[in-house]
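K.L.:
Data file upload02.cif (mmCIF, C-alpha atoms) is appended below.
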```cif
data_data
loop_
_atom_site.label_atom_id
_atom_site.label_comp_id
_atom_site.auth_asym_id
_atom_site.auth_seq_id
_atom_site.Cartn_x
_atom_site.Cartn_y
_atom_site.Cartn_z
CA MET A 156 -47.09 -55.68 48.29
CA ILE A 157 -48.63 -57.82 51.05
CA PHE A 158 -50.03 -54.75 52.84
CA LEU A 159 -51.33 -53.28 49.58
CA ILE A 160 -53.20 -56.48 48.69
CA ARG A 161 -54.54 -56.68 52.23
CA ILE A 162 -56.08 -53.19 52.26
CA THR A 163 -57.46 -53.29 48.69
CA PRO A 164 -60.74 -55.28 48.40
CA LYS A 165 -60.42 -55.35 44.60
CA LEU A 166 -57.24 -57.40 44.95
CA HIS A 167 -58.87 -60.08 47.11
CA THR A 168 -58.73 -62.71 44.36
CA PRO A 169 -56.83 -66.03 44.06
CA MET A 170 -54.20 -64.42 41.81
CA TYR A 171 -53.30 -61.75 44.37
CA PHE A 172 -53.62 -64.19 47.26
CA PHE A 173 -50.85 -66.27 45.67
CA LEU A 174 -48.88 -63.11 44.93
CA SER A 175 -49.04 -62.03 48.59
CA CYS A 176 -47.82 -65.50 49.60
CA LEU A 177 -44.97 -65.23 47.07
CA SER A 178 -44.04 -61.79 48.44
CA PHE A 179 -43.91 -63.23 51.96
CA VAL A 180 -41.65 -66.08 50.81
CA ASP A 181 -39.41 -63.58 49.01
CA ALA A 182 -39.04 -61.53 52.20
CA CYS A 183 -38.16 -64.65 54.22
CA TYR A 184 -35.94 -65.89 51.42
CA ALA A 185 -33.73 -62.79 51.47
CA SER A 186 -33.81 -62.57 55.28
CA ALA A 187 -32.27 -66.03 55.58
CA ILE A 188 -29.17 -64.93 53.64
CA ALA A 189 -28.75 -61.14 53.73
CA PRO A 190 -28.18 -60.46 57.49
CA LYS A 191 -25.26 -62.88 57.84
CA MET A 192 -23.78 -61.77 54.51
CA LEU A 193 -23.86 -58.10 55.61
CA ILE A 194 -22.23 -58.97 58.95
CA ASN A 195 -19.48 -60.87 57.11
CA LEU A 196 -18.76 -57.77 55.03
CA LEU A 197 -18.12 -55.74 58.19
CA VAL A 198 -15.79 -58.15 60.02
CA VAL A 199 -12.22 -59.12 59.24
CA LYS A 200 -12.73 -62.86 59.70
CA ALA A 201 -16.19 -64.10 58.86
CA THR A 202 -17.27 -67.18 60.80
CA ILE A 203 -20.44 -69.21 61.25
CA SER A 204 -21.13 -72.01 63.70
CA PHE A 205 -22.12 -75.47 62.48
CA PHE A 206 -25.56 -75.09 64.05
CA ALA A 207 -26.12 -71.67 62.45
CA CYS A 208 -24.96 -73.06 59.11
CA MET A 209 -27.50 -75.89 59.31
CA VAL A 210 -30.28 -73.47 60.29
CA GLN A 211 -29.41 -71.16 57.40
CA HIS A 212 -29.39 -74.11 54.99
CA LEU A 213 -32.73 -75.35 56.36
CA CYS A 214 -34.38 -71.93 55.93
CA PHE A 215 -32.91 -71.38 52.48
CA GLY A 216 -34.07 -74.82 51.32
CA VAL A 217 -37.59 -74.26 52.62
CA PHE A 218 -37.99 -70.86 50.97
CA VAL A 219 -36.41 -71.66 47.59
CA THR A 220 -38.46 -74.87 47.23
CA THR A 221 -41.66 -73.13 48.35
CA GLU A 222 -41.05 -70.33 45.85
CA GLY A 223 -40.68 -72.82 42.99
CA CYS A 224 -43.90 -74.57 44.02
CA LEU A 225 -45.78 -71.27 44.34
CA LEU A 226 -44.69 -70.19 40.87
CA SER A 227 -46.12 -73.43 39.44
CA VAL A 228 -49.34 -72.88 41.43
CA MET A 229 -49.61 -69.35 40.04
CA ALA A 230 -49.13 -70.70 36.51
CA TYR A 231 -52.01 -73.16 37.11
CA ASP A 232 -54.14 -70.29 38.45
CA ARG A 233 -53.52 -68.23 35.29
CA SER A 234 -54.29 -71.20 33.02
CA VAL A 235 -57.65 -71.73 34.74
CA ALA A 236 -58.45 -67.99 34.58
CA ILE A 237 -57.69 -67.76 30.84
CA ALA A 238 -58.72 -71.20 29.56
CA ASN A 239 -61.84 -71.62 31.72
CA PRO A 240 -62.91 -68.16 32.97
CA LEU A 241 -66.57 -69.06 33.60
CA ARG A 242 -65.64 -71.74 36.15
CA TYR A 243 -62.66 -69.88 37.59
CA SER A 244 -64.29 -68.91 40.90
CA VAL A 245 -65.55 -72.49 41.36
CA VAL A 246 -62.29 -74.23 40.45
CA MET A 247 -60.07 -71.82 42.41
CA SER A 248 -62.13 -71.85 45.61
CA LYS A 249 -60.79 -70.39 48.85
CA SER A 250 -60.18 -73.82 50.37
CA LYS A 251 -58.33 -75.02 47.27
CA CYS A 252 -56.12 -71.91 47.21
CA ILE A 253 -55.21 -72.37 50.87
CA GLY A 254 -54.56 -76.07 50.23
CA LEU A 255 -52.20 -75.29 47.34
CA VAL A 256 -50.23 -72.79 49.45
CA VAL A 257 -50.03 -75.18 52.42
CA GLY A 258 -48.93 -77.95 50.05
CA SER A 259 -46.18 -75.69 48.68
CA TRP A 260 -44.90 -74.96 52.18
CA MET A 261 -45.05 -78.65 53.15
CA CYS A 262 -43.09 -79.58 50.04
CA GLY A 263 -40.44 -76.99 50.91
CA MET A 264 -40.18 -78.11 54.53
CA ILE A 265 -39.92 -81.82 53.75
CA ASN A 266 -37.35 -81.32 50.99
CA SER A 267 -35.17 -78.98 53.07
CA LEU A 268 -35.43 -81.09 56.24
CA ILE A 269 -34.27 -84.22 54.41
CA HIS A 270 -31.16 -82.48 53.07
CA THR A 271 -30.39 -80.71 56.35
CA VAL A 272 -30.60 -83.94 58.36
CA SER A 273 -28.40 -85.78 55.86
CA LEU A 274 -25.84 -82.92 55.96
CA SER A 275 -25.77 -82.85 59.77
CA ARG A 276 -24.68 -86.50 59.82
CA LEU A 277 -21.54 -85.82 57.77
CA SER A 278 -18.08 -85.42 59.28
CA PHE A 279 -16.09 -82.27 58.56
CA CYS A 280 -12.47 -82.98 59.37
CA ARG A 281 -10.72 -80.78 56.82
CA MET A 282 -10.10 -77.06 56.80
CA ASN A 283 -13.68 -75.85 57.28
CA VAL A 284 -13.66 -72.81 55.03
CA VAL A 285 -16.93 -72.42 53.13
CA SER A 286 -16.07 -70.93 49.75
CA HIS A 287 -19.41 -69.17 49.53
CA PHE A 288 -21.34 -66.38 51.26
CA PHE A 289 -24.00 -68.81 52.57
CA CYS A 290 -24.26 -72.50 53.46
CA ASP A 291 -25.17 -74.11 50.15
CA ILE A 292 -25.16 -77.90 49.61
CA PRO A 293 -22.35 -78.11 46.97
CA SER A 294 -19.99 -76.02 49.11
CA LEU A 295 -20.70 -78.08 52.23
CA LEU A 296 -20.31 -81.43 50.46
CA LYS A 297 -16.84 -80.37 49.28
CA LEU A 298 -15.76 -79.81 52.90
CA SER A 299 -16.90 -83.21 54.15
CA CYS A 300 -14.50 -86.11 54.58
CA SER A 301 -17.43 -88.56 54.75
CA GLU A 302 -18.99 -90.44 51.88
CA THR A 303 -21.37 -87.97 50.19
CA SER A 304 -22.90 -90.23 47.54
CA MET A 305 -26.11 -90.58 49.58
CA ASN A 306 -26.40 -86.79 49.89
CA GLU A 307 -25.91 -86.40 46.15
CA LEU A 308 -28.54 -89.09 45.51
CA LEU A 309 -31.00 -87.33 47.82
CA LEU A 310 -30.27 -84.03 46.10
CA LEU A 311 -30.94 -85.57 42.70
CA THR A 312 -34.01 -87.49 43.86
CA PHE A 313 -35.89 -84.92 45.91
CA SER A 314 -34.68 -81.52 44.68
CA GLY A 315 -34.33 -82.77 41.12
CA VAL A 316 -37.82 -84.28 41.01
CA ILE A 317 -39.40 -81.20 42.62
CA ALA A 318 -37.58 -78.86 40.22
CA VAL A 319 -38.58 -80.89 37.16
CA ALA A 320 -42.17 -81.37 38.38
CA THR A 321 -42.72 -77.66 39.10
CA PHE A 322 -41.09 -76.64 35.82
CA LEU A 323 -43.26 -79.11 33.86
CA ALA A 324 -46.35 -77.81 35.69
CA VAL A 325 -45.46 -74.29 34.56
CA MET A 326 -44.84 -75.41 30.96
CA ILE A 327 -48.08 -77.42 30.75
CA SER A 328 -50.05 -74.51 32.25
CA TYR A 329 -48.61 -72.11 29.69
CA MET A 330 -49.35 -74.56 26.90
CA PHE A 331 -53.04 -74.39 27.87
CA ILE A 332 -52.76 -70.60 28.16
CA VAL A 333 -51.29 -70.28 24.64
CA LEU A 334 -53.97 -72.57 23.19
CA ALA A 335 -56.69 -70.52 24.91
CA ILE A 336 -55.22 -67.22 23.69
CA LEU A 337 -55.05 -68.49 20.10
CA LYS A 338 -58.81 -69.16 20.25
CA ILE A 339 -59.49 -65.50 21.04
CA HIS A 340 -60.37 -63.72 17.79
CA SER A 341 -59.78 -60.08 18.73
CA ALA A 342 -56.28 -58.68 19.03
CA ALA A 343 -57.32 -56.64 22.07
CA GLY A 344 -58.64 -59.75 23.77
CA ARG A 345 -55.40 -61.62 23.13
CA GLN A 346 -53.31 -58.76 24.44
CA LYS A 347 -55.43 -58.49 27.59
CA ALA A 348 -55.20 -62.25 28.21
CA PHE A 349 -51.44 -62.30 27.71
CA SER A 350 -50.89 -59.22 29.90
CA THR A 351 -52.39 -61.05 32.89
CA CYS A 352 -49.58 -63.63 32.84
CA ALA A 353 -46.68 -61.59 31.40
CA SER A 354 -45.37 -60.62 34.85
CA HIS A 355 -45.52 -64.20 36.08
CA LEU A 356 -43.74 -65.45 32.96
CA THR A 357 -40.96 -62.91 33.57
CA ALA A 358 -40.57 -64.03 37.21
CA VAL A 359 -40.52 -67.72 36.20
CA THR A 360 -37.90 -67.11 33.50
CA ILE A 361 -35.58 -65.24 35.88
CA PHE A 362 -36.04 -67.76 38.72
CA TYR A 363 -35.51 -70.97 36.73
CA GLY A 364 -32.93 -69.35 34.48
CA THR A 365 -30.59 -68.41 37.33
CA LEU A 366 -31.08 -71.70 39.19
CA SER A 367 -30.41 -73.70 36.02
CA PHE A 368 -27.28 -71.68 35.30
CA SER A 369 -26.09 -72.28 38.86
CA TYR A 370 -26.83 -75.99 39.28
CA ILE A 371 -27.25 -77.53 35.82
CA GLN A 372 -23.83 -77.18 34.26
CA PRO A 373 -20.87 -79.53 33.64
CA SER A 374 -18.45 -79.84 36.58
CA SER A 375 -15.59 -78.92 34.23
CA GLN A 376 -17.16 -75.47 33.75
CA TYR A 377 -17.83 -74.90 37.46
CA SER A 378 -16.41 -71.64 38.81
CA VAL A 379 -16.66 -70.61 42.47
CA GLU A 380 -16.64 -66.89 41.68
CA GLN A 381 -19.23 -67.32 38.94
CA GLU A 382 -21.36 -69.36 41.33
CA LYS A 383 -21.21 -66.57 43.93
CA VAL A 384 -22.38 -63.95 41.43
CA VAL A 385 -25.29 -66.09 40.25
CA SER A 386 -26.19 -66.96 43.86
CA VAL A 387 -26.39 -63.28 44.79
CA PHE A 388 -28.86 -62.87 41.95
CA TYR A 389 -31.27 -65.64 42.93
CA THR A 390 -30.97 -65.20 46.72
CA LEU A 391 -31.10 -61.41 46.98
CA VAL A 392 -31.89 -59.72 43.66
CA ILE A 393 -34.88 -61.85 42.60
CA PRO A 394 -36.77 -61.35 45.92
CA MET A 395 -36.40 -57.59 45.42
CA LEU A 396 -37.30 -57.74 41.73
CA ASN A 397 -40.52 -59.76 42.08
CA PRO A 398 -42.62 -56.96 43.66
CA LEU A 399 -41.45 -54.59 40.91
CA ILE A 400 -42.14 -57.13 38.16
CA TYR A 401 -45.70 -57.69 39.39
CA SER A 402 -46.49 -54.01 39.99
CA LEU A 403 -44.92 -52.03 37.14
CA ARG A 404 -47.03 -53.57 34.36
CA ASN A 405 -50.10 -54.36 36.44
CA LYS A 406 -52.86 -51.75 36.12
CA GLU A 407 -54.83 -53.02 39.14
CA VAL A 408 -51.77 -52.86 41.41
CA ASN A 409 -50.80 -49.42 40.09
CA ASP A 410 -54.34 -48.14 40.70
CA ALA A 411 -54.26 -49.57 44.22
CA ILE A 412 -50.93 -47.84 44.90
CA LYS A 413 -52.36 -44.51 43.68
CA ARG A 414 -55.44 -44.90 45.89
CA ALA A 415 -53.29 -45.78 48.90
CA LEU A 416 -51.13 -42.70 48.34
CA GLU A 417 -54.21 -40.49 47.96
CA ILE A 418 -55.65 -41.81 51.22
CA LYS A 419 -52.32 -41.18 52.96
CA HIS A 420 -52.09 -37.58 51.75
CA PHE A 421 -55.82 -36.79 52.06
CA PRO A 422 -57.14 -38.77 55.04
CA CYS A 423 -60.36 -36.72 55.17
#
```
Kindly present the structure from the file in structure tokens form.
P.N.:
Amino acid sequence: MIFLIRITPKLHTPMYFFLSCLSFVDACYASAIAPKMLINLLVVKATISFFACMVQHLCFGVFVTTEGCLLSVMAYDRSVAIANPLRYSVVMSKSKCIGLVVGSWMCGMINSLIHTVSLSRLSFCRMNVVSHFFCDIPSLLKLSCSETSMNELLLLTFSGVIAVATFLAVMISYMFIVLAILKIHSAAGRQKAFSTCASHLTAVTIFYGTLSFSYIQPSSQYSVEQEKVVSVFYTLVIPMLNPLIYSLRNKEVNDAIKRALEIKHFPC
């Protein structure tokens, strides 16, 4: 997807710039988890050093937070494109787009670094068996024999606020999108406007749906095996699904794929 957007001048717009950034995050996102998980499947006794566990947690935190922020940025981009199309190129300038992406990465780095540092200061004096396929905060907190109330507070404060803020940004953006679509008189115009954000809405629903199912549930209903299944979905399946979601129902992307294939087969 990144290469396709790069070589197609027609796709050099804010929408596809954000999509290429999301595709890059997805690739990094899966790469932080998949290699170690595949190695663990091939060995009899899967192990991971404390340092490697902290690095994996740091990377995972950066990418999952950045993805959430980018999805909210993309929702804002779509709301501006649909609700205020005449000023779209002015509002979504190149410098602003770059600033929004950099801000998303900074948010991810700060949030993940705070949790990783707080985790590294804990003592692990029990049987250090991580009941998960990657180093996730809940699994690590259960292994610690230190007081974890500060870690839980940080998790609620930073990750909770970021999750709520990005989700509200998405909801508010779509509220403006719906209001703008309702003002369009023709059915064809409404369908065209909605089709531009249908893929993004699907990606947002899957992303927040799986994370909510994994983290926002009563402790009495918590199941380790269920948690593992859901985690596989949002750490590995979603990064692979996003390129398909954004390409299958997107005419511009499909046309770009066809042109790229034609150039490959007929270079002259």
K.L.:
So, counting only C-alpha atoms, which residue among A:Asn266, A:Ser175, A:Ser234, A:Ser244 is closest to A:Cys352?
P.N.:
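Going through A:Asn266, A:Ser175, A:Ser234, A:Ser244 one by one, the smallest distance to A:Cys352 is for A:Ser234.
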K.L.:
Mind giving me the straight-line distance from atom CA of A:Met209 to atom CA of A:Leu310 in Å, one decimal?
P.N.:
15.8 Å
K.L.:
Separation of atom CA of A:Ile253 and atom CA of A:Pro240, in Å?
P.N.:
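Computed distance, atom CA of A:Ile253 to atom CA of A:Pro240, equals 19.9 Å.
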K.L.:
Tell me, as a list in words, which residues lie within 8 Å of A:Cys214, counting only C-alpha atoms; anything in the same chain fewer than 6 positions away does not count.
P.N.:
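The neighbour list is Tyr184, Ala187 and Ser267 of chain A.
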K.L.:
A:Val180: which residues within 8 Å, counting all atoms listed in the file, same-chain residues fewer than 5 positions away excluded, as an NGL selection string?
P.N.:
:A and (218 or 221-222)
K.L.:
Provide an axis-aligned box for all listed atoms of stretch 161-167 of chain A, padding each side by 3 Å; report its centre and its edge lengths in Å to one decimal, as JSON.
P.N.:
```
{"center_x": -57.6, "center_y": -56.6, "center_z": 48.4, "size_x": 12.2, "size_y": 12.9, "size_z": 13.7}
```
K.L.:
Apply the PyMOL selection byres ((chain A and resi 268) around 10) to the file shown and report the selected residues as a PyMOL selection string.
P.N.:
chain A and resi 209+212-214+216-217+262-267+269-274
